[in-house]
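Q: Here's a structure for you.
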Amino acid sequence: MKNTVSLACALALAALSAPAFAAEGQGHQGFVRAEMGSATRDISVRGAGPASDDDTVLGAGGGYWFNANFGVEGNYALLYNQEINNDEDLDVFTLAAGVVAKKNFGADGNGFFIGGRAGLARTVVQIRDDFDVEDDEASTKPYYGINAGYDINRHIGLSLNYTRYQADFDDVDIDADVWTVGGEYRF
């Protein structure tokens, strides 16, 4: 009974807050985003010391803007892909969910903007043989980032993004600094 009352209160509060979000500005838009750039990974192996490595990053995601300033996102980023022998590949990727915020400086939500993102990312290190996964480990840690860009109109925006991902495994710690150029389509 206590859980039912708590759930009912939470749903009522969410329903009442939706109009307040809508009143703050333009919004209620779903979005899809694609990003491409570079990641610098600092890899610390216990007993062996730190190493650094760079690679191309590809990412895709989507979410929902509640208004012109606040929303939620989910994304996938391939941080690393390397062939380790003729039959096996090593992949490092993240699946993330979090909140996004931005401040537009132009009229009607267009023009230059700055923004940020934060949430939880599940980083997976995987060894696979073609499409069969032979071994994998996962770590869930917070992620955060900032961006700046230009909204061409109500539906299309371009941005330069910085995102920091971290992961801790049994004997390996990974810190990834990711710089990407992104395109966003809002519908």
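Order determines the names: the first chain of the structure tokens is A, the second B, and so forth; residues in each chain are numbered 1 upward, and ligands are numbered 1 upward as they are shown.
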Contacts of Arg33 of chain A at 7 Å or less, counting only C-alpha atoms, minus same-chain residues fewer than 6 places along, as a list of chain:residue names?

A: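 So the residues in contact are A:Ala60, A:Gly61, A:Gly62, A:Gly182, A:Gly183, A:Glu184, A:Tyr185.
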
Q: Would you export the selected residues with N, CA and C atoms as an mmCIF file, in the first residue's frame, please?

A:
```
data_model
loop_
_atom_site.group_PDB
_atom_site.id
_atom_site.type_symbol
_atom_site.label_atom_id
_atom_site.label_comp_id
_atom_site.auth_asym_id
_atom_site.auth_seq_id
_atom_site.Cartn_x
_atom_site.Cartn_y
_atom_site.Cartn_z
ATOM 1 N N ALA A 60 25.731 7.473 -31.692
ATOM 2 C CA ALA A 60 24.359 7.740 -32.120
ATOM 3 C C ALA A 60 23.473 7.712 -30.892
ATOM 4 N N GLY A 61 22.421 8.486 -30.930
ATOM 5 C CA GLY A 61 21.525 8.499 -29.782
ATOM 6 C C GLY A 61 20.250 9.246 -30.090
ATOM 7 N N GLY A 62 19.488 9.422 -29.047
ATOM 8 C CA GLY A 62 18.234 10.138 -29.172
ATOM 9 C C GLY A 62 17.714 10.502 -27.806
ATOM 10 N N GLY A 182 28.800 16.930 -33.748
ATOM 11 C CA GLY A 182 27.493 16.268 -33.763
ATOM 12 C C GLY A 182 26.471 17.010 -34.590
ATOM 13 N N GLY A 183 25.529 16.245 -35.084
ATOM 14 C CA GLY A 183 24.369 16.797 -35.774
ATOM 15 C C GLY A 183 23.122 16.274 -35.086
ATOM 16 N N GLU A 184 22.164 17.162 -34.855
ATOM 17 C CA GLU A 184 20.934 16.776 -34.162
ATOM 18 C C GLU A 184 19.736 17.164 -35.018
ATOM 19 N N TYR A 185 18.781 16.226 -35.119
ATOM 20 C CA TYR A 185 17.516 16.508 -35.793
ATOM 21 C C TYR A 185 16.401 16.358 -34.762
#
```

Q: Within 10 Å of segment 111-114 of chain A, counting only C-alpha atoms, which residues qualify if same-chain residues fewer than 3 places away don't, as a PyMOL selection string?

A: chain A and resi 101-108+146-154+157-161

Q: Taking N, CA, C and O atoms for each residue, export the selection above as a PDB file, in the first residue's frame.

A:
```pdb
ATOM      1  N   ALA A 101      21.021  19.670 -21.018  1.00  0.00           N
ATOM      2  CA  ALA A 101      20.553  21.035 -20.810  1.00  0.00           C
ATOM      3  C   ALA A 101      21.265  21.936 -21.806  1.00  0.00           C
ATOM      4  O   ALA A 101      22.387  21.652 -22.221  1.00  0.00           O
ATOM      5  N   LYS A 102      20.590  23.007 -22.221  1.00  0.00           N
ATOM      6  CA  LYS A 102      21.249  23.970 -23.100  1.00  0.00           C
ATOM      7  C   LYS A 102      20.615  25.340 -22.953  1.00  0.00           C
ATOM      8  O   LYS A 102      19.471  25.474 -22.514  1.00  0.00           O
ATOM      9  N   LYS A 103      21.392  26.344 -23.321  1.00  0.00           N
ATOM     10  CA  LYS A 103      20.947  27.735 -23.286  1.00  0.00           C
ATOM     11  C   LYS A 103      21.205  28.332 -24.660  1.00  0.00           C
ATOM     12  O   LYS A 103      22.347  28.437 -25.100  1.00  0.00           O
ATOM     13  N   ASN A 104      20.113  28.678 -25.385  1.00  0.00           N
ATOM     14  CA  ASN A 104      20.228  29.335 -26.689  1.00  0.00           C
ATOM     15  C   ASN A 104      20.363  30.833 -26.497  1.00  0.00           C
ATOM     16  O   ASN A 104      19.724  31.418 -25.621  1.00  0.00           O
ATOM     17  N   PHE A 105      21.168  31.460 -27.353  1.00  0.00           N
ATOM     18  CA  PHE A 105      21.360  32.901 -27.289  1.00  0.00           C
ATOM     19  C   PHE A 105      20.686  33.625 -28.447  1.00  0.00           C
ATOM     20  O   PHE A 105      20.761  34.835 -28.542  1.00  0.00           O
ATOM     21  N   GLY A 106      20.020  32.876 -29.337  1.00  0.00           N
ATOM     22  CA  GLY A 106      19.330  33.474 -30.468  1.00  0.00           C
ATOM     23  C   GLY A 106      17.841  33.582 -30.218  1.00  0.00           C
ATOM     24  O   GLY A 106      17.307  33.082 -29.225  1.00  0.00           O
ATOM     25  N   ALA A 107      17.159  34.209 -31.149  1.00  0.00           N
ATOM     26  CA  ALA A 107      15.708  34.370 -31.056  1.00  0.00           C
ATOM     27  C   ALA A 107      15.004  33.064 -31.401  1.00  0.00           C
ATOM     28  O   ALA A 107      15.469  32.294 -32.239  1.00  0.00           O
ATOM     29  N   ASP A 108      13.897  32.794 -30.757  1.00  0.00           N
ATOM     30  CA  ASP A 108      13.055  31.622 -31.030  1.00  0.00           C
ATOM     31  C   ASP A 108      13.799  30.298 -30.919  1.00  0.00           C
ATOM     32  O   ASP A 108      13.507  29.350 -31.634  1.00  0.00           O
ATOM     33  N   ILE A 146      30.221  18.773 -21.948  1.00  0.00           N
ATOM     34  CA  ILE A 146      29.785  20.116 -22.310  1.00  0.00           C
ATOM     35  C   ILE A 146      29.776  20.208 -23.828  1.00  0.00           C
ATOM     36  O   ILE A 146      30.428  19.413 -24.514  1.00  0.00           O
ATOM     37  N   ASN A 147      29.030  21.184 -24.346  1.00  0.00           N
ATOM     38  CA  ASN A 147      29.045  21.402 -25.783  1.00  0.00           C
ATOM     39  C   ASN A 147      28.712  22.847 -26.107  1.00  0.00           C
ATOM     40  O   ASN A 147      28.216  23.595 -25.269  1.00  0.00           O
ATOM     41  N   ALA A 148      29.007  23.209 -27.339  1.00  0.00           N
ATOM     42  CA  ALA A 148      28.651  24.513 -27.885  1.00  0.00           C
ATOM     43  C   ALA A 148      28.287  24.278 -29.337  1.00  0.00           C
ATOM     44  O   ALA A 148      28.842  23.394 -29.995  1.00  0.00           O
ATOM     45  N   GLY A 149      27.336  25.060 -29.830  1.00  0.00           N
ATOM     46  CA  GLY A 149      26.938  24.831 -31.210  1.00  0.00           C
ATOM     47  C   GLY A 149      26.014  25.892 -31.739  1.00  0.00           C
ATOM     48  O   GLY A 149      25.894  26.980 -31.169  1.00  0.00           O
ATOM     49  N   TYR A 150      25.357  25.538 -32.837  1.00  0.00           N
ATOM     50  CA  TYR A 150      24.476  26.471 -33.524  1.00  0.00           C
ATOM     51  C   TYR A 150      23.222  25.723 -33.965  1.00  0.00           C
ATOM     52  O   TYR A 150      23.320  24.701 -34.655  1.00  0.00           O
ATOM     53  N   ASP A 151      22.051  26.205 -33.549  1.00  0.00           N
ATOM     54  CA  ASP A 151      20.785  25.670 -34.020  1.00  0.00           C
ATOM     55  C   ASP A 151      20.383  26.450 -35.265  1.00  0.00           C
ATOM     56  O   ASP A 151      20.094  27.656 -35.190  1.00  0.00           O
ATOM     57  N   ILE A 152      20.393  25.779 -36.411  1.00  0.00           N
ATOM     58  CA  ILE A 152      20.091  26.413 -37.686  1.00  0.00           C
ATOM     59  C   ILE A 152      18.621  26.839 -37.728  1.00  0.00           C
ATOM     60  O   ILE A 152      18.283  27.924 -38.196  1.00  0.00           O
ATOM     61  N   ASN A 153      17.759  25.959 -37.232  1.00  0.00           N
ATOM     62  CA  ASN A 153      16.337  26.261 -37.121  1.00  0.00           C
ATOM     63  C   ASN A 153      15.765  25.407 -35.995  1.00  0.00           C
ATOM     64  O   ASN A 153      16.516  24.809 -35.227  1.00  0.00           O
ATOM     65  N   ARG A 154      14.454  25.321 -35.906  1.00  0.00           N
ATOM     66  CA  ARG A 154      13.804  24.577 -34.817  1.00  0.00           C
ATOM     67  C   ARG A 154      14.123  23.080 -34.864  1.00  0.00           C
ATOM     68  O   ARG A 154      14.025  22.380 -33.868  1.00  0.00           O
ATOM     69  N   GLY A 157      20.427  21.182 -35.608  1.00  0.00           N
ATOM     70  CA  GLY A 157      21.502  21.829 -34.871  1.00  0.00           C
ATOM     71  C   GLY A 157      22.821  21.096 -35.074  1.00  0.00           C
ATOM     72  O   GLY A 157      22.851  19.888 -35.307  1.00  0.00           O
ATOM     73  N   LEU A 158      23.917  21.843 -34.993  1.00  0.00           N
ATOM     74  CA  LEU A 158      25.268  21.297 -35.085  1.00  0.00           C
ATOM     75  C   LEU A 158      26.026  21.685 -33.826  1.00  0.00           C
ATOM     76  O   LEU A 158      25.821  22.775 -33.283  1.00  0.00           O
ATOM     77  N   SER A 159      26.929  20.802 -33.360  1.00  0.00           N
ATOM     78  CA  SER A 159      27.626  21.108 -32.110  1.00  0.00           C
ATOM     79  C   SER A 159      29.024  20.506 -32.081  1.00  0.00           C
ATOM     80  O   SER A 159      29.332  19.542 -32.782  1.00  0.00           O
ATOM     81  N   LEU A 160      29.862  21.092 -31.231  1.00  0.00           N
ATOM     82  CA  LEU A 160      31.168  20.550 -30.859  1.00  0.00           C
ATOM     83  C   LEU A 160      31.012  20.082 -29.420  1.00  0.00           C
ATOM     84  O   LEU A 160      30.585  20.850 -28.560  1.00  0.00           O
ATOM     85  N   ASN A 161      31.321  18.797 -29.154  1.00  0.00           N
ATOM     86  CA  ASN A 161      31.021  18.180 -27.865  1.00  0.00           C
ATOM     87  C   ASN A 161      32.277  17.622 -27.203  1.00  0.00           C
ATOM     88  O   ASN A 161      33.134  17.060 -27.879  1.00  0.00           O
TER      89      ASN A 161
END
```

Q: Considering only C-alpha atoms, can you say which of A:Thr140, A:Thr56, A:Asn110, A:Asn85 comes closest to Ala97 of chain A?

A: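 Of A:Thr140, A:Thr56, A:Asn110, A:Asn85, the one nearest Ala97 of chain A is A:Thr140, counting only C-alpha atoms.
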
Q: Considering only C-alpha atoms, state which residue in the set A:Thr180, A:Asp135, A:Val99, A:Asp175 is at the smallest distance from Thr123 of chain A.

A: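 Looking only at the distances to Thr123 of chain A, the closest residue turns out to be A:Asp175.
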
Q: For Thr40 of chain A, which residue out of A:His155, A:Arg164, A:Arg122, A:Arg117 is the nearest one, using only C-alpha atoms?

A: A:Arg164
